[in-house]
>>> print(open('start.cif').read())   # mmCIF, C-alpha atoms
data_upload
#
loop_
_atom_site.group_PDB
_atom_site.id
_atom_site.type_symbol
_atom_site.label_atom_id
_atom_site.label_comp_id
_atom_site.auth_asym_id
_atom_site.auth_seq_id
_atom_site.Cartn_x
_atom_site.Cartn_y
_atom_site.Cartn_z
ATOM 1 C CA MET A 1 131.588 39.996 129.870
ATOM 2 C CA ALA A 2 134.884 41.708 129.106
ATOM 3 C CA GLU A 3 136.705 40.626 125.968
ATOM 4 C CA GLN A 4 139.759 38.526 126.758
ATOM 5 C CA PRO A 5 142.849 39.988 125.084
ATOM 6 C CA PRO A 6 145.404 37.631 123.587
ATOM 7 C CA ALA A 7 148.061 36.362 125.964
ATOM 8 C CA GLN A 8 151.248 38.440 125.841
ATOM 9 C CA GLU A 9 154.412 36.864 127.173
ATOM 10 C CA ILE A 10 156.863 39.389 128.581
ATOM 11 C CA ASN A 11 160.102 37.781 127.485
ATOM 12 C CA ASP A 12 162.297 40.875 127.320
ATOM 13 C CA ALA A 13 164.294 41.125 130.573
ATOM 14 C CA GLU A 14 164.297 44.949 130.502
ATOM 15 C CA ALA A 15 160.503 45.094 130.049
ATOM 16 C CA LEU A 16 160.027 42.507 132.786
ATOM 17 C CA ARG A 17 162.221 44.469 135.210
ATOM 18 C CA ALA A 18 160.295 47.637 134.312
ATOM 19 C CA PHE A 19 156.953 45.936 134.980
ATOM 20 C CA ALA A 20 158.113 44.176 138.161
ATOM 21 C CA HIS A 21 159.412 47.333 139.867
ATOM 22 C CA PRO A 22 157.466 47.807 143.151
ATOM 23 C CA MET A 23 156.550 51.463 142.509
ATOM 24 C CA ARG A 24 155.441 50.676 138.967
ATOM 25 C CA GLN A 25 153.292 47.811 140.234
ATOM 26 C CA LYS A 26 151.559 50.271 142.597
ATOM 27 C CA ILE A 27 151.066 52.791 139.790
ATOM 28 C CA GLU A 28 149.667 50.127 137.483
ATOM 29 C CA ARG A 29 147.210 48.963 140.186
ATOM 30 C CA CYS A 30 145.992 52.536 140.694
ATOM 31 C CA LEU A 31 145.510 53.021 136.961
ATOM 32 C CA ARG A 32 143.496 49.796 136.710
ATOM 33 C CA ARG A 33 140.808 51.564 138.759
ATOM 34 C CA ALA A 34 140.696 54.702 136.598
ATOM 35 C CA PRO A 35 142.892 56.980 134.489
ATOM 36 C CA ALA A 36 144.908 59.508 136.490
ATOM 37 C CA ASN A 37 147.584 62.150 136.141
ATOM 38 C CA SER A 38 150.954 62.028 137.857
ATOM 39 C CA ALA A 39 149.935 64.543 140.540
ATOM 40 C CA ALA A 40 146.922 62.460 141.634
ATOM 41 C CA LEU A 41 149.014 59.288 141.612
ATOM 42 C CA ALA A 42 151.764 60.998 143.612
ATOM 43 C CA ARG A 43 149.243 62.085 146.275
ATOM 44 C CA GLU A 44 147.732 58.602 146.480
ATOM 45 C CA LEU A 45 151.127 56.903 146.732
ATOM 46 C CA GLY A 46 152.795 59.495 148.956
ATOM 47 C CA GLU A 47 155.542 60.125 146.399
ATOM 48 C CA SER A 48 156.803 63.113 144.428
ATOM 49 C CA THR A 49 155.202 63.993 141.113
ATOM 50 C CA GLY A 50 158.607 63.857 139.413
ATOM 51 C CA LEU A 51 159.273 60.319 140.620
ATOM 52 C CA VAL A 52 155.817 59.122 139.581
ATOM 53 C CA SER A 53 156.212 60.796 136.162
ATOM 54 C CA TYR A 54 159.517 58.999 135.664
ATOM 55 C CA HIS A 55 157.961 55.617 136.460
ATOM 56 C CA LEU A 56 154.979 56.347 134.188
ATOM 57 C CA ARG A 57 157.365 57.056 131.304
ATOM 58 C CA GLN A 58 159.175 53.760 131.959
ATOM 59 C CA LEU A 59 155.881 51.844 131.961
ATOM 60 C CA ALA A 60 154.813 53.625 128.763
ATOM 61 C CA LYS A 61 158.157 52.848 127.096
ATOM 62 C CA HIS A 62 157.300 49.140 127.354
ATOM 63 C CA GLY A 63 153.604 49.504 126.469
ATOM 64 C CA PHE A 64 152.114 48.854 129.930
ATOM 65 C CA VAL A 65 150.448 52.282 130.226
ATOM 66 C CA GLU A 66 149.497 54.941 127.713
ATOM 67 C CA GLU A 67 148.500 58.579 127.668
ATOM 68 C CA VAL A 68 144.823 59.563 127.551
ATOM 69 C CA PRO A 69 144.938 62.673 125.332
ATOM 70 C CA GLU A 70 141.212 63.398 125.633
ATOM 71 C CA LEU A 71 141.646 64.044 129.398
ATOM 72 C CA ALA A 72 144.741 66.243 129.051
ATOM 73 C CA LYS A 73 144.502 69.899 130.000
ATOM 74 C CA GLY A 74 147.417 72.034 128.859
ATOM 75 C CA ARG A 75 150.654 70.308 129.855
ATOM 76 C CA GLU A 76 148.886 67.928 132.257
ATOM 77 C CA ARG A 77 149.216 64.315 131.052
ATOM 78 C CA TRP A 78 146.711 61.630 131.995
ATOM 79 C CA TRP A 79 147.499 57.923 131.920
ATOM 80 C CA ARG A 80 145.665 54.599 131.792
ATOM 81 C CA THR A 81 146.722 50.979 131.742
ATOM 82 C CA VAL A 82 146.957 49.178 128.437
ATOM 83 C CA PRO A 83 144.669 46.167 128.830
ATOM 84 C CA GLY A 84 146.426 42.874 128.451
ATOM 85 C CA ASP A 85 146.764 39.286 129.551
ATOM 86 C CA ARG A 86 150.402 39.539 130.581
ATOM 87 C CA ARG A 87 152.287 36.314 131.112
ATOM 88 C CA PHE A 88 155.808 35.468 132.115
ATOM 89 C CA PRO A 89 158.065 32.875 130.499
ATOM 90 C CA PRO A 90 158.243 29.520 132.244
ATOM 91 C CA TYR A 91 161.097 29.185 134.694
ATOM 92 C CA SER A 92 163.092 27.055 132.253
ATOM 93 C CA ARG A 93 163.252 29.985 129.777
ATOM 94 C CA GLN A 94 163.934 32.764 132.283
ATOM 95 C CA THR A 95 167.305 34.435 132.492
ATOM 96 C CA PRO A 96 168.823 35.000 135.942
ATOM 97 C CA GLN A 97 167.753 38.670 135.688
ATOM 98 C CA MET A 98 164.162 37.665 134.896
ATOM 99 C CA ARG A 99 164.104 35.210 137.786
ATOM 100 C CA GLU A 100 165.365 37.876 140.175
ATOM 101 C CA ALA A 101 162.721 40.393 139.044
ATOM 102 C CA LEU A 102 159.888 37.849 139.192
ATOM 103 C CA THR A 103 160.960 36.514 142.590
ATOM 104 C CA GLU A 104 160.873 40.035 144.014
ATOM 105 C CA MET A 105 157.536 40.787 142.327
ATOM 106 C CA HIS A 106 156.005 37.598 143.758
ATOM 107 C CA ARG A 107 157.413 38.314 147.224
ATOM 108 C CA ILE A 108 155.908 41.799 147.244
ATOM 109 C CA GLY A 109 152.632 40.523 145.777
ATOM 110 C CA LEU A 110 152.291 37.895 148.490
ATOM 111 C CA ALA A 111 152.978 40.467 151.228
ATOM 112 C CA GLU A 112 150.331 42.772 149.706
ATOM 113 C CA LEU A 113 147.857 39.873 149.584
ATOM 114 C CA VAL A 114 148.373 39.155 153.289
ATOM 115 C CA ASP A 115 147.957 42.869 154.043
ATOM 116 C CA SER A 116 144.730 43.032 151.982
ATOM 117 C CA ALA A 117 143.318 40.031 153.860
ATOM 118 C CA ARG A 118 144.164 41.652 157.197
ATOM 119 C CA ARG A 119 142.507 44.957 156.176
ATOM 120 C CA PHE A 120 139.391 43.045 155.082
ATOM 121 C CA GLU A 121 139.170 41.227 158.401
ATOM 122 C CA ASP A 122 139.666 44.501 160.311
ATOM 123 C CA ALA A 123 136.860 46.208 158.342
ATOM 124 C CA ARG A 124 134.483 43.251 158.084
ATOM 125 C CA ASP A 125 132.004 44.534 160.706
ATOM 126 C CA THR A 126 131.459 47.693 158.626
ATOM 127 C CA LEU A 127 130.985 46.061 155.202
ATOM 128 C CA GLY A 128 127.325 45.051 155.307
ATOM 129 C CA PRO A 129 126.564 42.351 152.729
ATOM 130 C CA TRP A 130 130.167 42.476 151.512
ATOM 131 C CA ALA A 131 131.265 41.003 154.858
ATOM 132 C CA ASP A 132 129.986 37.642 153.539
ATOM 133 C CA ALA A 133 131.738 37.992 150.194
ATOM 134 C CA ALA A 134 135.164 36.597 151.049
ATOM 135 C CA LEU A 135 135.792 33.352 149.221
ATOM 136 C CA PHE A 136 138.235 30.747 150.374
ATOM 137 C CA SER A 137 138.906 27.354 148.936
ATOM 138 C CA ARG A 138 141.658 24.850 149.412
ATOM 139 C CA ALA A 139 141.990 22.069 146.925
ATOM 140 C CA THR A 140 144.499 19.506 145.832
ATOM 141 C CA LEU A 141 144.772 18.391 142.222
ATOM 142 C CA ARG A 142 146.734 15.519 140.738
ATOM 143 C CA VAL A 143 147.588 16.708 137.243
ATOM 144 C CA ASP A 144 150.420 16.649 134.765
ATOM 145 C CA PRO A 145 152.009 19.937 133.531
ATOM 146 C CA GLY A 146 149.745 20.077 130.458
ATOM 147 C CA GLN A 147 146.607 19.658 132.556
ATOM 148 C CA LEU A 148 147.806 22.335 134.956
ATOM 149 C CA ARG A 149 148.331 24.734 132.012
ATOM 150 C CA ALA A 150 144.792 23.934 130.744
ATOM 151 C CA PHE A 151 143.404 24.594 134.238
ATOM 152 C CA PHE A 152 145.173 27.967 134.297
ATOM 153 C CA GLU A 153 143.805 28.947 130.862
ATOM 154 C CA GLU A 154 140.253 28.088 131.978
ATOM 155 C CA TYR A 155 140.787 30.142 135.135
ATOM 156 C CA ILE A 156 141.876 33.174 133.075
ATOM 157 C CA ALA A 157 138.879 32.761 130.741
ATOM 158 C CA LEU A 158 136.580 32.573 133.782
ATOM 159 C CA LEU A 159 137.985 35.862 135.106
ATOM 160 C CA TYR A 160 137.158 37.575 131.815
ATOM 161 C CA ARG A 161 133.724 35.929 131.693
ATOM 162 C CA TYR A 162 132.792 37.636 134.964
ATOM 163 C CA SER A 163 134.546 40.975 134.280
ATOM 164 C CA ALA A 164 132.234 43.715 133.099
ATOM 165 C CA PRO A 165 133.453 45.854 130.208
ATOM 166 C CA ASP A 166 134.695 49.298 131.282
ATOM 167 C CA GLY A 167 131.848 51.512 132.447
ATOM 168 C CA GLU A 168 129.290 48.686 132.623
ATOM 169 C CA ASP A 169 129.548 47.700 136.293
ATOM 170 C CA ALA A 170 126.362 47.005 138.214
ATOM 171 C CA PRO A 171 125.589 49.762 140.768
ATOM 172 C CA GLU A 172 126.497 47.477 143.699
ATOM 173 C CA ALA A 173 129.698 46.231 142.043
ATOM 174 C CA ARG A 174 132.920 46.448 143.979
ATOM 175 C CA THR A 175 136.516 45.537 143.164
ATOM 176 C CA VAL A 176 137.315 42.030 144.416
ATOM 177 C CA LEU A 177 140.899 40.824 144.637
ATOM 178 C CA VAL A 178 141.124 37.355 143.113
ATOM 179 C CA ARG A 179 144.349 35.391 143.295
ATOM 180 C CA LEU A 180 145.156 31.863 142.250
ATOM 181 C CA LEU A 181 148.129 30.212 143.840
ATOM 182 C CA GLY A 182 149.043 26.733 142.754
ATOM 183 C CA ILE A 183 152.290 25.207 143.945
ATOM 184 C CA PRO A 184 153.377 21.684 143.103
ATOM 185 C CA GLU A 185 154.031 19.689 146.244
ATOM 186 C CA THR A 186 157.634 18.647 146.693
ATOM 187 C CA ASP A 187 159.070 15.889 148.845
#
>>> encode(input="start.cif", output="structure tokens")
Amino acid sequence: MAEQPPAQEINDAEALRAFAHPMRQKIERCLRRAPANSAALARELGESTGLVSYHLRQLAKHGFVEEVPELAKGRERWWRTVPGDRRFPPYSRQTPQMREALTEMHRIGLAELVDSARRFEDARDTLGPWADAALFSRATLRVDPGQLRAFFEEYIALLYRYSAPDGEDAPEARTVLVRLLGIPETD
């Protein structure tokens, strides 16, 4: 079980915009898999090394990624994500700039989720036992805002309960994309 870090609310609009930037989201996702240098990230993302280096510096400025000095060779800099349970302020405390950044981040995230589901379905015949691993559940809850917040906190704790500490994955382990989407029904 991975240790759950304390929740960190990103309430600085500049930091939120830095984190929500589409290229930085892609970089951060790559670094969640393993540390990398800007050249490797640039190749994976189809971007220039200079552009990727710029975005890495912006992420580092706000504490989302950090250098890995023990992997550095000469002037080559390696980067990793800074583990964290990053949260966003509730809508009622967001500035217009925060709302704009989060709306765009959620839009892109939803499009990436749909694309991931399509790629899974396209590859399913080649996945062996992993072809049966897709989980899908639809549920409806009747809760008040406090109960919904408690549900979310239990969900986050459950994610950490089943996350192996770095380097301790089982040999057959594979990255699984888990998303929780809960939207209050409106009339």
>>> resolve_selection(input="start.cif", expression="the PyMOL selection byres ((chain A and resi 138) around 12)", output="VMD selection string")
chain A and resid 135 to 137 139 to 141 180 to 183
>>> resolve_selection(input="start.cif", expression="the PyMOL selection byres ((chain A and resi 36-39) around 9)", output="compact mmCIF listing (two decimals) with C-alpha atoms, in the coordinates of the input")
# COMPACT_ATOMS: atom_id res chain seq x y z
CA CYS A 30 145.99 52.54 140.69
CA LEU A 31 145.51 53.02 136.96
CA ALA A 34 140.70 54.70 136.60
CA PRO A 35 142.89 56.98 134.49
CA ALA A 40 146.92 62.46 141.63
CA LEU A 41 149.01 59.29 141.61
CA ALA A 42 151.76 61.00 143.61
CA ARG A 43 149.24 62.08 146.28
CA GLU A 44 147.73 58.60 146.48
CA SER A 48 156.80 63.11 144.43
CA THR A 49 155.20 63.99 141.11
CA GLY A 50 158.61 63.86 139.41
CA LEU A 51 159.27 60.32 140.62
CA VAL A 52 155.82 59.12 139.58
CA SER A 53 156.21 60.80 136.16
CA LEU A 56 154.98 56.35 134.19
CA VAL A 68 144.82 59.56 127.55
CA ALA A 72 144.74 66.24 129.05
CA GLU A 76 148.89 67.93 132.26
CA ARG A 77 149.22 64.32 131.05
CA TRP A 78 146.71 61.63 132.00
CA TRP A 79 147.50 57.92 131.92
CA ARG A 80 145.66 54.60 131.79
>>> residues_around(input="start.cif", residues="Asn11 of chain A", least_positions_apart="4", cutoff="8 Å", atoms="only C-alpha atoms", output="PyMOL selection string")
chain A and resi 15-16+88-89+94
>>> write_last_selection(input="start.cif", atoms="C-alpha atoms", output="PDB file, in the frame of the given file")
ATOM      1  CA  ALA A  15     160.503  45.094 130.049  1.00  0.00           C
ATOM      2  CA  LEU A  16     160.027  42.507 132.786  1.00  0.00           C
ATOM      3  CA  PHE A  88     155.808  35.468 132.115  1.00  0.00           C
ATOM      4  CA  PRO A  89     158.065  32.875 130.499  1.00  0.00           C
ATOM      5  CA  GLN A  94     163.934  32.764 132.283  1.00  0.00           C
TER       6      GLN A  94
END
>>> closest_residue(input="start.cif", among="A:Pro165, A:Arg24, A:Gln58, A:Ile156", to="Asp85 of chain A", atoms="only C-alpha atoms")
A:Ile156
>>> axis_aligned_box(input="start.cif", around="segment 9-21 of chain A", padding_each_side="5 Å", output="AutoDock Vina command-line options")
--center_x 159.4 --center_y 42.3 --center_z 133.5 --size_x 19.9 --size_y 20.8 --size_z 22.7
>>> residues_around(input="start.cif", residues="Pro83 of chain A", least_positions_apart="3", cutoff="12 Å", atoms="only C-alpha atoms", output="VMD selection string")
chain A and resid 2 to 8 28 to 29 31 to 33 63 to 66 80 86 160 165 to 166
>>> write_last_selection(input="start.cif", atoms="C-alpha atoms", output="compact mmCIF listing (two decimals), keeping the file's coordinate frame")
# COMPACT_ATOMS: atom_id res chain seq x y z
CA ALA A 2 134.88 41.71 129.11
CA GLU A 3 136.71 40.63 125.97
CA GLN A 4 139.76 38.53 126.76
CA PRO A 5 142.85 39.99 125.08
CA PRO A 6 145.40 37.63 123.59
CA ALA A 7 148.06 36.36 125.96
CA GLN A 8 151.25 38.44 125.84
CA GLU A 28 149.67 50.13 137.48
CA ARG A 29 147.21 48.96 140.19
CA LEU A 31 145.51 53.02 136.96
CA ARG A 32 143.50 49.80 136.71
CA ARG A 33 140.81 51.56 138.76
CA GLY A 63 153.60 49.50 126.47
CA PHE A 64 152.11 48.85 129.93
CA VAL A 65 150.45 52.28 130.23
CA GLU A 66 149.50 54.94 127.71
CA ARG A 80 145.66 54.60 131.79
CA ARG A 86 150.40 39.54 130.58
CA TYR A 160 137.16 37.58 131.82
CA PRO A 165 133.45 45.85 130.21
CA ASP A 166 134.70 49.30 131.28
>>> resolve_selection(input="start.cif", expression="the PyMOL selection byres ((chain A and resi 97) around 12)", output="PDB file with C-alpha atoms, in the coordinates of the input")
ATOM      1  CA  ASN A  11     160.102  37.781 127.485  1.00  0.00           C
ATOM      2  CA  ASP A  12     162.297  40.875 127.320  1.00  0.00           C
ATOM      3  CA  ALA A  13     164.294  41.125 130.573  1.00  0.00           C
ATOM      4  CA  GLU A  14     164.297  44.949 130.502  1.00  0.00           C
ATOM      5  CA  ALA A  15     160.503  45.094 130.049  1.00  0.00           C
ATOM      6  CA  LEU A  16     160.027  42.507 132.786  1.00  0.00           C
ATOM      7  CA  ARG A  17     162.221  44.469 135.210  1.00  0.00           C
ATOM      8  CA  ALA A  18     160.295  47.637 134.312  1.00  0.00           C
ATOM      9  CA  ALA A  20     158.113  44.176 138.161  1.00  0.00           C
ATOM     10  CA  TYR A  91     161.097  29.185 134.694  1.00  0.00           C
ATOM     11  CA  ARG A  93     163.252  29.985 129.777  1.00  0.00           C
ATOM     12  CA  GLN A  94     163.934  32.764 132.283  1.00  0.00           C
ATOM     13  CA  THR A  95     167.305  34.435 132.492  1.00  0.00           C
ATOM     14  CA  PRO A  96     168.823  35.000 135.942  1.00  0.00           C
ATOM     15  CA  MET A  98     164.162  37.665 134.896  1.00  0.00           C
ATOM     16  CA  ARG A  99     164.104  35.210 137.786  1.00  0.00           C
ATOM     17  CA  GLU A 100     165.365  37.876 140.175  1.00  0.00           C
ATOM     18  CA  ALA A 101     162.721  40.393 139.044  1.00  0.00           C
ATOM     19  CA  LEU A 102     159.888  37.849 139.192  1.00  0.00           C
ATOM     20  CA  THR A 103     160.960  36.514 142.590  1.00  0.00           C
ATOM     21  CA  GLU A 104     160.873  40.035 144.014  1.00  0.00           C
TER      22      GLU A 104
END
>>> closest_residue(input="start.cif", among="A:Arg75, A:His106, A:Arg87, A:His21", to="His55 of chain A", atoms="only C-alpha atoms")
A:His21
>>> residues_near_point(input="start.cif", point="(152.6, 20.7, 139.7)", cutoff="12 Å", atoms="all atoms listed in the file", output="NGL selection string")
:A and (140-149 or 151-152 or 181-186)
>>> atom_distance(input="start.cif", atom1="atom CA of Arg119 of chain A", atom2="atom CA of Ala164 of chain A")
25.3 Å
>>> atom_distance(input="start.cif", atom1="atom CA of Pro22 of chain A", atom2="atom CA of Arg107 of chain A")
10.3 Å
